[in-house]
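Participant: I'm passing along query-v7.txt; it holds compact mmCIF, C-alpha atoms.
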```txt
# COMPACT_ATOMS: atom_id res chain seq x y z
CA MET A 1305 -62.07 202.81 368.78
CA LYS A 1306 -62.90 199.64 370.73
CA ASN A 1307 -64.84 198.26 367.76
CA ILE A 1308 -61.98 199.10 365.40
CA HIS A 1309 -59.59 197.14 367.61
CA LYS A 1310 -62.05 194.23 367.72
CA ILE A 1311 -62.36 194.16 363.92
CA PHE A 1312 -58.58 194.36 363.54
CA PHE A 1313 -57.86 191.48 365.90
CA THR A 1314 -60.69 189.38 364.45
CA SER A 1315 -59.25 189.88 360.97
CA LEU A 1316 -55.77 189.07 362.23
CA LEU A 1317 -57.03 185.88 363.85
CA PHE A 1318 -58.79 184.85 360.63
CA CYS A 1319 -55.61 185.40 358.63
CA PHE A 1320 -53.62 183.44 361.20
CA GLN A 1321 -56.07 180.56 361.14
CA PHE A 1322 -56.08 180.42 357.36
CA SER A 1323 -52.27 180.53 357.19
CA PHE A 1324 -52.00 178.03 360.02
CA SER A 1325 -54.28 175.51 358.32
CA GLN A 1326 -52.45 175.81 355.04
CA ASP A 1327 -48.85 175.83 356.28
CA PHE A 1328 -48.85 173.84 359.51
CA ARG A 1329 -45.61 171.91 359.01
CA THR A 1330 -43.55 173.06 361.98
CA ASP A 1331 -41.47 170.90 364.29
CA SER A 1332 -43.84 171.52 367.20
CA PHE A 1333 -45.57 168.68 368.99
CA TYR A 1334 -49.24 169.13 369.90
CA LEU A 1335 -50.81 167.28 372.81
CA LEU A 1336 -54.60 167.06 372.65
CA LYS A 1337 -56.28 166.46 376.01
CA PRO A 1338 -60.04 165.75 375.79
CA ASP A 1339 -62.11 163.91 378.41
CA ARG A 1340 -62.30 160.81 376.22
CA VAL A 1341 -61.01 159.38 372.94
CA PHE A 1342 -62.93 157.24 370.48
CA ASP A 1343 -60.18 155.40 368.62
CA GLY A 1344 -62.42 154.20 365.77
CA GLU A 1345 -63.47 151.08 367.63
CA GLN A 1346 -63.76 151.78 371.37
CA MET A 1347 -64.18 154.75 373.72
CA HIS A 1348 -61.35 155.43 376.19
CA ALA A 1349 -61.68 157.76 379.15
CA GLY A 1350 -58.67 159.91 379.98
CA TRP A 1351 -56.70 159.20 376.82
CA GLN A 1352 -54.56 161.84 375.15
CA VAL A 1353 -53.19 162.18 371.61
CA LEU A 1354 -49.79 163.51 370.60
CA VAL A 1355 -49.48 164.91 367.06
CA TYR A 1356 -46.25 165.68 365.23
CA ARG A 1357 -46.41 167.26 361.81
CA ASN A 1358 -49.02 165.32 359.81
CA THR A 1359 -49.16 162.10 361.81
CA ILE A 1360 -50.31 160.74 365.15
CA SER A 1361 -47.18 160.26 367.25
CA ALA A 1362 -48.63 158.65 370.38
CA VAL A 1363 -51.99 157.65 371.87
CA GLY A 1364 -52.96 156.55 375.37
CA ASP A 1365 -53.26 157.64 378.96
CA ALA A 1366 -50.99 160.34 380.36
CA LYS A 1367 -48.52 157.87 381.87
CA SER A 1368 -47.94 156.08 378.58
CA ILE A 1369 -47.07 159.17 376.51
CA GLN A 1370 -43.63 160.78 376.63
CA VAL A 1371 -44.31 164.46 376.01
CA PRO A 1372 -41.32 166.30 374.49
CA ALA A 1373 -40.23 169.64 375.85
CA ASN A 1374 -41.96 172.69 374.37
CA THR A 1375 -45.01 170.63 373.36
CA ILE A 1376 -48.09 172.80 372.81
CA VAL A 1377 -50.89 171.47 375.03
CA LEU A 1378 -54.53 171.96 373.97
CA GLU A 1379 -57.11 171.01 376.60
CA PHE A 1380 -60.74 170.21 375.77
CA PRO A 1381 -62.70 169.55 378.97
CA GLY A 1382 -66.08 167.91 378.47
CA CYS A 1383 -65.16 166.87 374.94
CA THR A 1384 -64.59 163.73 372.86
CA LEU A 1385 -61.78 163.22 370.36
CA LEU A 1386 -62.48 161.03 367.31
CA PRO A 1387 -60.87 160.14 363.99
CA GLY A 1388 -61.88 162.50 361.19
CA LEU A 1389 -65.23 161.24 359.94
CA ILE A 1390 -65.50 159.53 356.54
CA GLU A 1391 -68.48 160.35 354.32
CA GLY A 1392 -69.18 157.21 352.32
CA HIS A 1393 -71.56 158.56 349.67
CA SER A 1394 -71.22 162.15 348.52
CA HIS A 1395 -71.92 164.17 345.39
CA LEU A 1396 -69.91 167.36 345.78
CA PHE A 1397 -71.14 168.66 342.43
CA LEU A 1398 -74.82 168.50 343.42
CA HIS A 1399 -76.85 170.69 345.75
CA PRO A 1400 -80.31 170.09 347.30
CA TYR A 1401 -83.05 169.30 344.81
CA ASN A 1402 -85.49 171.69 346.49
CA GLU A 1403 -83.13 174.48 345.37
CA THR A 1404 -82.65 173.28 341.79
CA SER A 1405 -83.88 170.03 340.25
CA TRP A 1406 -81.32 167.39 339.28
CA ASN A 1407 -82.19 167.83 335.58
CA ASP A 1408 -81.63 171.59 335.73
CA GLN A 1409 -78.38 171.21 337.61
CA VAL A 1410 -77.02 168.93 334.88
CA LEU A 1411 -78.46 170.84 331.91
CA LYS A 1412 -78.55 174.49 332.94
CA GLU A 1413 -75.76 175.14 335.43
CA SER A 1414 -72.41 175.95 333.84
CA ARG A 1415 -69.35 173.91 334.67
CA ALA A 1416 -67.85 177.05 336.23
CA GLU A 1417 -70.84 177.38 338.54
CA ARG A 1418 -70.77 173.71 339.46
CA ILE A 1419 -67.05 173.83 340.26
CA ALA A 1420 -67.60 176.94 342.37
CA ARG A 1421 -70.40 175.21 344.25
CA ALA A 1422 -68.29 172.07 344.74
CA THR A 1423 -65.49 174.19 346.19
CA VAL A 1424 -67.88 175.59 348.80
CA HIS A 1425 -69.33 172.14 349.44
CA ALA A 1426 -65.86 170.70 350.05
CA LYS A 1427 -65.08 173.36 352.65
CA ASN A 1428 -68.44 172.92 354.39
CA THR A 1429 -67.90 169.16 354.53
CA LEU A 1430 -64.48 169.54 356.11
CA MET A 1431 -65.66 172.09 358.65
CA ALA A 1432 -68.41 169.67 359.71
CA GLY A 1433 -65.71 167.19 360.73
CA PHE A 1434 -65.67 164.96 357.62
CA THR A 1435 -62.03 164.78 356.60
CA THR A 1436 -62.53 162.13 353.88
CA VAL A 1437 -65.31 161.66 351.32
CA ARG A 1438 -66.07 159.00 348.77
CA ASP A 1439 -67.57 161.07 345.94
CA LEU A 1440 -69.75 158.77 343.83
CA GLY A 1441 -70.26 160.58 340.55
CA THR A 1442 -69.98 164.13 339.23
CA GLU A 1443 -73.42 163.92 337.56
CA GLY A 1444 -72.52 165.59 334.28
CA ALA A 1445 -69.37 167.39 335.46
CA GLY A 1446 -66.97 164.96 333.79
CA TYR A 1447 -63.71 164.36 335.62
CA ASP A 1448 -63.87 167.58 337.63
CA ASP A 1449 -63.84 165.68 340.94
CA VAL A 1450 -60.25 164.66 340.15
CA GLY A 1451 -59.34 168.30 339.58
CA LEU A 1452 -61.08 169.29 342.83
CA LYS A 1453 -59.17 166.58 344.67
CA GLU A 1454 -55.87 167.84 343.26
CA ALA A 1455 -56.67 171.45 344.20
CA ILE A 1456 -57.27 170.33 347.80
CA GLU A 1457 -54.09 168.26 347.86
CA LYS A 1458 -52.12 171.28 346.61
CA LYS A 1459 -53.70 173.40 349.40
CA ILE A 1460 -55.27 175.78 346.90
CA ILE A 1461 -58.62 175.31 348.65
CA PRO A 1462 -59.64 173.65 351.92
CA GLY A 1463 -61.51 170.38 351.73
CA PRO A 1464 -61.56 166.71 352.68
CA ARG A 1465 -59.55 163.89 351.17
CA ILE A 1466 -61.49 162.77 348.10
CA LEU A 1467 -61.92 159.28 346.74
CA ALA A 1468 -63.12 160.17 343.24
CA SER A 1469 -65.26 158.00 340.97
CA THR A 1470 -65.51 160.53 338.09
CA LYS A 1471 -68.52 159.94 335.80
CA ALA A 1472 -70.07 156.71 337.13
CA ILE A 1473 -71.19 154.10 334.59
CA VAL A 1474 -74.70 153.40 333.29
CA ALA A 1475 -76.26 151.25 330.58
CA THR A 1476 -77.27 153.15 327.45
CA GLY A 1477 -80.81 154.50 327.57
CA THR A 1478 -81.24 154.17 331.33
CA TYR A 1479 -79.97 157.42 332.83
CA GLY A 1480 -81.03 161.05 332.52
CA PRO A 1481 -81.67 163.78 331.84
CA LYS A 1482 -84.62 162.50 329.78
CA ASN A 1483 -87.20 165.27 329.84
CA LEU A 1484 -86.40 166.77 326.42
CA ASN A 1485 -87.38 165.85 322.88
CA TYR A 1486 -85.93 162.40 322.17
CA ASP A 1487 -84.40 163.72 318.93
CA ILE A 1488 -82.14 165.97 321.00
CA ASN A 1489 -78.91 164.49 322.29
CA VAL A 1490 -78.18 166.03 325.67
CA LEU A 1491 -75.43 165.82 328.25
CA LYS A 1492 -75.83 162.71 330.39
CA GLY A 1493 -75.31 162.52 334.12
CA ALA A 1494 -73.05 159.48 333.77
CA ALA A 1495 -71.00 157.55 331.18
CA GLU A 1496 -72.94 155.11 329.00
CA ALA A 1497 -71.41 151.72 328.27
CA ASP A 1498 -72.71 148.44 326.86
CA GLY A 1499 -71.52 144.85 326.65
CA GLU A 1500 -68.52 143.27 328.33
CA GLU A 1501 -66.02 145.01 326.05
CA GLY A 1502 -67.73 148.37 326.39
CA ILE A 1503 -67.97 148.39 330.16
CA VAL A 1504 -64.38 147.21 330.58
CA ARG A 1505 -63.22 149.98 328.26
CA GLU A 1506 -65.11 152.59 330.28
CA VAL A 1507 -63.72 151.26 333.58
CA ARG A 1508 -60.20 151.54 332.21
CA THR A 1509 -60.86 154.98 330.74
CA GLN A 1510 -62.03 156.30 334.10
CA ILE A 1511 -59.06 154.80 335.89
CA GLY A 1512 -56.82 156.49 333.36
CA LYS A 1513 -58.54 159.81 334.09
CA GLY A 1514 -57.86 159.50 337.81
CA ALA A 1515 -60.74 157.50 339.31
CA ASP A 1516 -59.94 156.04 342.74
CA ILE A 1517 -63.04 153.85 342.70
CA ILE A 1518 -65.57 152.71 340.12
CA LYS A 1519 -69.29 153.48 340.49
CA ILE A 1520 -71.81 151.47 338.47
CA TYR A 1521 -75.60 151.62 338.28
CA ALA A 1522 -76.80 148.01 338.46
CA ASP A 1523 -80.42 149.12 338.13
CA TYR A 1524 -82.33 152.28 337.40
CA TYR A 1525 -85.77 153.70 336.63
CA TRP A 1526 -86.14 152.45 333.07
CA GLY A 1527 -88.83 149.80 333.37
CA GLU A 1528 -92.44 150.26 332.35
CA ASP A 1529 -94.05 153.11 334.31
CA ASN A 1530 -90.47 154.15 335.21
CA GLU A 1531 -90.10 151.33 337.71
CA ALA A 1532 -86.57 150.45 338.78
CA GLU A 1533 -85.23 147.43 336.89
CA PRO A 1534 -81.77 145.82 336.50
CA THR A 1535 -79.56 147.26 333.77
CA PHE A 1536 -76.27 145.40 333.31
CA THR A 1537 -76.12 141.62 332.98
CA MET A 1538 -74.23 139.46 335.42
CA SER A 1539 -71.42 138.91 332.94
CA GLU A 1540 -71.05 142.66 332.31
CA LEU A 1541 -70.85 143.39 336.03
CA LYS A 1542 -68.33 140.61 336.60
CA LYS A 1543 -66.07 141.92 333.83
CA ALA A 1544 -66.26 145.44 335.26
CA VAL A 1545 -65.30 144.22 338.74
CA GLU A 1546 -62.48 142.14 337.28
CA ALA A 1547 -61.10 145.13 335.36
CA ALA A 1548 -61.31 147.43 338.38
CA SER A 1549 -59.84 144.86 340.76
CA SER A 1550 -56.83 144.26 338.55
CA SER A 1551 -55.83 147.88 339.21
CA GLY A 1552 -56.56 147.69 342.92
CA ARG A 1553 -59.84 149.64 342.68
CA ILE A 1554 -63.06 148.71 344.43
CA VAL A 1555 -66.52 148.88 342.85
CA ALA A 1556 -69.50 150.65 344.38
CA VAL A 1557 -72.89 149.81 342.89
CA HIS A 1558 -76.15 151.71 342.92
CA ALA A 1559 -78.83 149.07 343.45
CA THR A 1560 -82.35 149.46 344.78
CA THR A 1561 -83.93 146.25 343.43
CA ALA A 1562 -83.45 142.79 344.86
CA GLU A 1563 -82.31 141.47 341.46
CA GLY A 1564 -79.87 144.33 340.90
CA MET A 1565 -78.44 143.63 344.34
CA ARG A 1566 -78.23 139.89 343.68
CA ARG A 1567 -76.30 140.36 340.44
CA SER A 1568 -73.96 142.85 342.09
CA ILE A 1569 -73.24 140.57 345.05
CA LEU A 1570 -72.44 137.61 342.81
CA ALA A 1571 -70.29 139.83 340.58
CA GLY A 1572 -68.04 140.62 343.56
CA VAL A 1573 -68.67 144.32 344.18
CA THR A 1574 -67.44 145.93 347.40
CA THR A 1575 -70.43 148.05 348.38
CA ILE A 1576 -74.08 148.36 347.46
CA GLU A 1577 -75.51 151.85 347.66
CA HIS A 1578 -79.11 152.34 348.85
CA GLY A 1579 -80.40 148.74 348.91
CA ASP A 1580 -83.95 150.02 349.38
CA ASN A 1581 -85.76 146.82 348.39
CA GLY A 1582 -83.33 144.31 349.76
CA THR A 1583 -84.87 141.18 351.23
CA PRO A 1584 -83.68 139.06 354.18
CA GLU A 1585 -82.38 136.52 351.64
CA ILE A 1586 -80.44 139.20 349.77
CA PHE A 1587 -78.93 140.60 352.96
CA LYS A 1588 -77.95 137.10 354.05
CA MET A 1589 -76.12 136.74 350.74
CA MET A 1590 -74.39 140.10 351.30
CA LYS A 1591 -73.20 138.93 354.71
CA GLU A 1592 -71.90 135.64 353.31
CA LYS A 1593 -70.07 137.34 350.42
CA GLY A 1594 -68.69 140.21 352.52
CA VAL A 1595 -70.49 142.96 350.59
CA ALA A 1596 -71.15 146.13 352.59
CA LEU A 1597 -74.26 148.32 352.50
CA CYS A 1598 -74.26 152.10 352.30
CA PRO A 1599 -77.92 152.80 353.14
CA THR A 1600 -78.29 156.55 352.32
CA ILE A 1601 -81.29 156.97 354.61
CA ALA A 1602 -81.10 160.76 354.75
CA ALA A 1603 -81.36 161.24 351.00
CA GLY A 1604 -84.55 159.20 350.74
CA GLU A 1605 -86.11 161.14 353.59
CA ALA A 1606 -84.99 164.46 352.06
CA VAL A 1607 -86.69 163.65 348.74
CA GLU A 1608 -89.94 162.86 350.54
CA GLN A 1609 -89.67 166.09 352.51
CA TYR A 1610 -89.23 168.04 349.26
CA ARG A 1611 -92.53 166.47 348.17
CA GLY A 1612 -94.29 167.84 351.24
CA TRP A 1613 -93.79 165.22 353.96
CA ARG A 1614 -93.07 166.67 357.39
CA LYS A 1615 -91.05 164.24 359.46
CA GLY A 1616 -92.73 163.33 362.71
CA THR A 1617 -96.17 164.41 361.58
CA GLY A 1618 -98.84 162.62 359.59
CA LYS A 1619 -98.61 159.33 357.76
CA GLU A 1620 -95.12 158.12 356.90
CA PRO A 1621 -94.46 157.80 353.13
CA GLU A 1622 -94.27 154.22 351.85
CA ARG A 1623 -90.66 154.73 350.77
CA VAL A 1624 -89.67 155.64 354.33
CA THR A 1625 -91.61 152.75 355.83
CA GLU A 1626 -89.95 150.29 353.46
CA LYS A 1627 -86.53 151.76 354.27
CA HIS A 1628 -87.11 151.07 357.97
CA LYS A 1629 -87.86 147.44 357.09
CA SER A 1630 -84.92 146.90 354.74
CA PHE A 1631 -82.42 148.57 357.08
CA LYS A 1632 -83.59 146.42 359.98
CA ALA A 1633 -83.27 143.32 357.79
CA ALA A 1634 -79.70 144.31 356.94
CA LEU A 1635 -78.86 144.82 360.63
CA ASP A 1636 -80.48 141.50 361.56
CA ALA A 1637 -78.41 139.72 358.91
CA GLY A 1638 -75.19 141.22 360.27
CA VAL A 1639 -74.34 143.08 357.05
CA THR A 1640 -71.41 145.48 357.31
CA ILE A 1641 -72.90 149.00 357.32
CA CYS A 1642 -71.00 151.93 355.84
CA MET A 1643 -71.94 155.49 356.72
CA GLY A 1644 -72.95 157.45 353.64
CA GLY A 1645 -75.91 159.76 353.20
CA ASP A 1646 -75.95 160.59 349.46
CA VAL A 1647 -75.22 164.14 350.55
CA GLY A 1648 -75.81 166.59 347.74
CA VAL A 1649 -79.42 165.49 347.66
CA PHE A 1650 -79.41 167.39 350.97
CA ARG A 1651 -77.05 170.09 352.18
CA HIS A 1652 -73.28 169.56 352.31
CA GLY A 1653 -72.07 170.16 355.85
CA ASP A 1654 -75.20 168.51 357.22
CA ASN A 1655 -73.61 165.06 356.82
CA VAL A 1656 -74.31 164.13 360.45
CA ARG A 1657 -77.96 163.91 359.44
CA GLU A 1658 -77.33 160.41 358.07
CA MET A 1659 -75.73 159.29 361.32
CA GLU A 1660 -78.69 160.59 363.31
CA ASP A 1661 -81.02 158.66 360.99
CA MET A 1662 -79.00 155.48 361.41
CA VAL A 1663 -79.51 155.68 365.17
CA GLU A 1664 -83.20 156.45 364.71
CA TYR A 1665 -83.52 153.42 362.41
CA GLY A 1666 -82.07 151.02 364.98
CA MET A 1667 -78.24 151.21 365.13
CA LYS A 1668 -76.43 151.87 368.38
CA ALA A 1669 -74.62 155.21 368.40
CA ILE A 1670 -71.23 153.55 369.03
CA ASP A 1671 -71.78 151.34 365.97
CA VAL A 1672 -72.64 154.37 363.86
CA LEU A 1673 -69.36 156.00 364.98
CA ARG A 1674 -67.53 152.85 363.88
CA SER A 1675 -69.30 152.94 360.51
CA ALA A 1676 -68.15 156.52 359.89
CA THR A 1677 -64.53 155.82 360.88
CA SER A 1678 -62.85 152.42 361.06
CA ILE A 1679 -65.45 150.47 359.07
CA ASN A 1680 -65.50 152.92 356.18
CA ALA A 1681 -61.69 152.98 356.23
CA ASP A 1682 -61.53 149.18 356.12
CA VAL A 1683 -64.16 148.77 353.39
CA PHE A 1684 -62.70 151.56 351.24
CA LYS A 1685 -59.17 150.15 351.73
CA ILE A 1686 -57.72 153.34 353.23
CA ASN A 1687 -57.16 152.00 356.76
CA ASN A 1688 -53.41 152.40 356.36
CA GLN A 1689 -53.99 156.16 356.27
CA VAL A 1690 -57.09 157.19 358.22
CA GLY A 1691 -60.11 155.93 360.15
CA ARG A 1692 -58.53 155.28 363.55
CA ILE A 1693 -56.64 157.12 366.26
CA ARG A 1694 -53.49 155.09 365.98
CA GLU A 1695 -49.78 155.82 365.86
CA LYS A 1696 -48.34 156.53 362.40
CA LEU A 1697 -51.72 157.17 360.78
CA PHE A 1698 -52.44 160.63 359.38
CA ALA A 1699 -53.53 163.16 361.98
CA ASP A 1700 -57.13 163.43 360.80
CA ILE A 1701 -58.81 164.30 364.09
CA ILE A 1702 -61.96 166.01 365.29
CA ILE A 1703 -62.98 167.06 368.78
CA VAL A 1704 -66.63 167.60 369.70
CA GLU A 1705 -68.35 168.85 372.81
CA GLY A 1706 -70.13 166.09 374.71
CA ASP A 1707 -70.15 162.34 374.06
CA PRO A 1708 -71.56 161.22 370.68
CA SER A 1709 -71.60 157.58 371.82
CA GLY A 1710 -74.46 158.66 374.07
CA ASN A 1711 -75.94 161.38 371.88
CA ILE A 1712 -74.97 161.13 368.23
CA SER A 1713 -76.03 164.73 367.61
CA ASP A 1714 -73.06 165.89 369.70
CA LEU A 1715 -71.09 165.42 366.47
CA ARG A 1716 -72.58 168.74 365.39
CA LYS A 1717 -70.70 170.52 368.21
CA THR A 1718 -67.26 170.55 366.62
CA LYS A 1719 -64.55 172.30 368.60
CA LEU A 1720 -61.57 171.25 366.46
CA VAL A 1721 -61.10 169.91 362.94
CA MET A 1722 -57.62 168.70 361.99
CA LYS A 1723 -56.73 167.11 358.66
CA ASN A 1724 -53.26 165.83 357.91
CA GLY A 1725 -51.99 167.65 360.98
CA ALA A 1726 -53.36 171.03 359.90
CA ILE A 1727 -55.97 172.73 362.06
CA TYR A 1728 -58.89 174.10 360.08
CA LYS A 1729 -61.27 174.85 362.97
```
In structure tokens, write the structure found in this file.

Facilitator:
Amino acid sequence: MKNIHKIFFTSLLFCFQFSFSQDFRTDSFYLLKPDRVFDGEQMHAGWQVLVYRNTISAVGDAKSIQVPANTIVLEFPGCTLLPGLIEGHSHLFLHPYNETSWNDQVLKESRAERIARATVHAKNTLMAGFTTVRDLGTEGAGYDDVGLKEAIEKKIIPGPRILASTKAIVATGTYGPKNLNYDINVLKGAAEADGEEGIVREVRTQIGKGADIIKIYADYYWGEDNEAEPTFTMSELKKAVEAASSSGRIVAVHATTAEGMRRSILAGVTTIEHGDNGTPEIFKMMKEKGVALCPTIAAGEAVEQYRGWRKGTGKEPERVTEKHKSFKAALDAGVTICMGGDVGVFRHGDNVREMEDMVEYGMKAIDVLRSATSINADVFKINNQVGRIREKLFADIIIVEGDPSGNISDLRKTKLVMKNGAIYK
């Protein structure tokens, strides 16, 4: 009988939590009382946060906040409150390559399966404390990221806020899948476009289909011996940026070569993804032009691990060694660093892995917290909504046990996840 009661009340609690997260639009005030608050820029001991409906109503020490009668008080001793984290480079329609290769995901998994997987990935991401994601390409799943975003906004499924880029844009002949007979035309993992007119048309098409940002591959593995080489010309990239900017969209560019990075910087892009072979001169140019770097350290390490490398043992792969060098060069140049792990290459919900790597590669933990909150919000132009604990911003809030400014892995100890004022965990 005792077990029956336990099952009943557990089920009731689950139903309450699900209903609460979906329909939390009461007139109640909620006062969150952790030991400390990271506001997106600085850590503050003894601060509290008052939430009303879907926004932050007040922030500060106890004396500065007028607490209305009947406010619900939630205390979190030993914990840190932070803005909901922002994942800067995600692929919700991909899953780890050691489960299924990228080619087979694009060619063999049905759209229904990929949407089902993305739905699970979105929930796992949110529950890990990432309340916003910049999803940089559906990799063969068309405009389904826009549909996923709308389903989350309509509260059909739980998930983070999504900045969708839809198909991403590549030069003809550069992108995969490529492992079939060349006489067979197969589904591509991105949209092919050529010439100034062609790339502008594709940018506008994607905007019309709901893209919040534009993702372009400035280089790819299409050189001799499959070496990475630049794809689009400078004039093509400039026209794409001009077309996107005229609608208020920013451009994110995949670039791993120094020349691909150089062209992208001079074309006026907002972020460069990966930047594996960036040089001190290139990073100096990024700093001068205000172009941010999203380093995606975790994805590169994951790929090497799938090939047999065991982190912390044996000789470090060349790719990892070079990444240490390029990331340090970017830090030394003062480049703005966005937090984004290329999650999808590794498991969704394990997004903190990138932040742990950033600390391991030389960033201070407090700077990594800034990258995943206020800096990402500023660079992605969503700082009027999220990224800080500030009055009138959306109540995207997480609370973790411990102090991640001292131990970044404390971000894995989530005690509360709130998005838009709704409590999901």

Participant: Which of these residues is nearest to Tyr1447 (chain A), using all atoms listed in the file: A:Lys1412, A:Arg1505, A:Lys1543, A:Lys1513?

Facilitator: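 Answer, going by the shortest atom-to-atom distance: A:Lys1513.
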
Participant: Which residue, A:Ile1456, A:Leu1720, A:Ile1693, A:Val1450, has the smallest gap to Thr1423 (chain A) when you use all atoms listed in the file?

Facilitator: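 Between A:Ile1456, A:Leu1720, A:Ile1693, A:Val1450, the residue approaching Thr1423 (chain A) most closely is A:Ile1456.
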
Participant: Take CA of Cys1642 (chain A) and CA of Ile1679 (chain A) and report the distance between them in Å, one decimal.

Facilitator: 6.6 Å

Participant: Which value, in Å to one decimal, gives the distance between CA of Phe1698 (chain A) and CA of Thr1436 (chain A)?

Facilitator: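 CA of Thr1436 (chain A) lies 11.6 Å from CA of Phe1698 (chain A).
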
Participant: Using all atoms listed in the file, which residue out of A:Tyr1356, A:Tyr1401, A:Trp1613, A:Phe1434 lies closest to Leu1386 (chain A)?

Facilitator: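 Nearest candidate to Leu1386 (chain A) out of A:Tyr1356, A:Tyr1401, A:Trp1613, A:Phe1434: A:Phe1434.
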
Participant: Please measure the separation of CA of Glu1577 (chain A) and CA of Thr1600 (chain A), giving the value in Å to one decimal.

Facilitator: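 Computing the Euclidean distance for CA of Glu1577 (chain A) and CA of Thr1600 (chain A) yields 7.2 Å.
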
Participant: Could you name the residues that touch Val1683 (chain A) at 9 Å or less, counting all atoms listed in the file, but leaving out those on the same chain fewer than 6 positions away, as a PDB file with C-alpha atoms, keeping the file's coordinate frame?

Facilitator:
```pdb
ATOM      1  CA  THR A1574     -67.440 145.930 347.400  1.00  0.00           C
ATOM      2  CA  THR A1575     -70.430 148.050 348.380  1.00  0.00           C
ATOM      3  CA  ALA A1596     -71.150 146.130 352.590  1.00  0.00           C
ATOM      4  CA  THR A1640     -71.410 145.480 357.310  1.00  0.00           C
ATOM      5  CA  CYS A1642     -71.000 151.930 355.840  1.00  0.00           C
TER       6      CYS A1642
END
```

Participant: For Ile1419 (chain A), find every residue with an atom within 9 Å (counting all atoms listed in the file), except residues of its own chain fewer than 2 positions away, and show them as a list of chain:residue names.

Facilitator: A:Leu1396, A:Phe1397, A:Ser1414, A:Arg1415, A:Ala1416, A:Glu1417, A:Arg1421, A:Ala1422, A:Thr1423, A:Val1424, A:Ala1445, A:Asp1448, A:Asp1449, A:Leu1452

Participant: Missing atoms in region 1626-1638 of chain A need filling: write out N, CA and C atoms for it as a JSON list (two decimals), in the frame of the given file.

Facilitator:
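Okay, this is what ended up in result.json:
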```json
[["chain", "number", "residue", "atom", "x", "y", "z"],
["A", 1626, "GLU", "N", -90.69, 151.40, 354.03],
["A", 1626, "GLU", "CA", -89.95, 150.29, 353.46],
["A", 1626, "GLU", "C", -88.46, 150.36, 353.81],
["A", 1627, "LYS", "N", -87.94, 151.59, 353.91],
["A", 1627, "LYS", "CA", -86.53, 151.76, 354.27],
["A", 1627, "LYS", "C", -86.29, 151.29, 355.70],
["A", 1628, "HIS", "N", -87.21, 151.58, 356.60],
["A", 1628, "HIS", "CA", -87.11, 151.07, 357.97],
["A", 1628, "HIS", "C", -87.00, 149.55, 357.95],
["A", 1629, "LYS", "N", -87.84, 148.90, 357.14],
["A", 1629, "LYS", "CA", -87.86, 147.44, 357.09],
["A", 1629, "LYS", "C", -86.57, 146.87, 356.51],
["A", 1630, "SER", "N", -86.12, 147.44, 355.39],
["A", 1630, "SER", "CA", -84.92, 146.90, 354.74],
["A", 1630, "SER", "C", -83.67, 147.14, 355.59],
["A", 1631, "PHE", "N", -83.59, 148.30, 356.24],
["A", 1631, "PHE", "CA", -82.42, 148.57, 357.08],
["A", 1631, "PHE", "C", -82.38, 147.63, 358.27],
["A", 1632, "LYS", "N", -83.53, 147.37, 358.87],
["A", 1632, "LYS", "CA", -83.59, 146.42, 359.98],
["A", 1632, "LYS", "C", -83.19, 145.02, 359.52],
["A", 1633, "ALA", "N", -83.63, 144.64, 358.31],
["A", 1633, "ALA", "CA", -83.27, 143.32, 357.79],
["A", 1633, "ALA", "C", -81.76, 143.22, 357.58],
["A", 1634, "ALA", "N", -81.15, 144.30, 357.12],
["A", 1634, "ALA", "CA", -79.70, 144.31, 356.94],
["A", 1634, "ALA", "C", -78.99, 144.18, 358.28],
["A", 1635, "LEU", "N", -79.45, 144.91, 359.29],
["A", 1635, "LEU", "CA", -78.86, 144.82, 360.63],
["A", 1635, "LEU", "C", -79.03, 143.41, 361.19],
["A", 1636, "ASP", "N", -80.21, 142.84, 361.04],
["A", 1636, "ASP", "CA", -80.48, 141.50, 361.56],
["A", 1636, "ASP", "C", -79.59, 140.45, 360.90],
["A", 1637, "ALA", "N", -79.25, 140.67, 359.64],
["A", 1637, "ALA", "CA", -78.41, 139.72, 358.91],
["A", 1637, "ALA", "C", -76.93, 139.90, 359.23],
["A", 1638, "GLY", "N", -76.59, 140.98, 359.93],
["A", 1638, "GLY", "CA", -75.19, 141.22, 360.27],
["A", 1638, "GLY", "C", -74.37, 141.80, 359.14]]
```
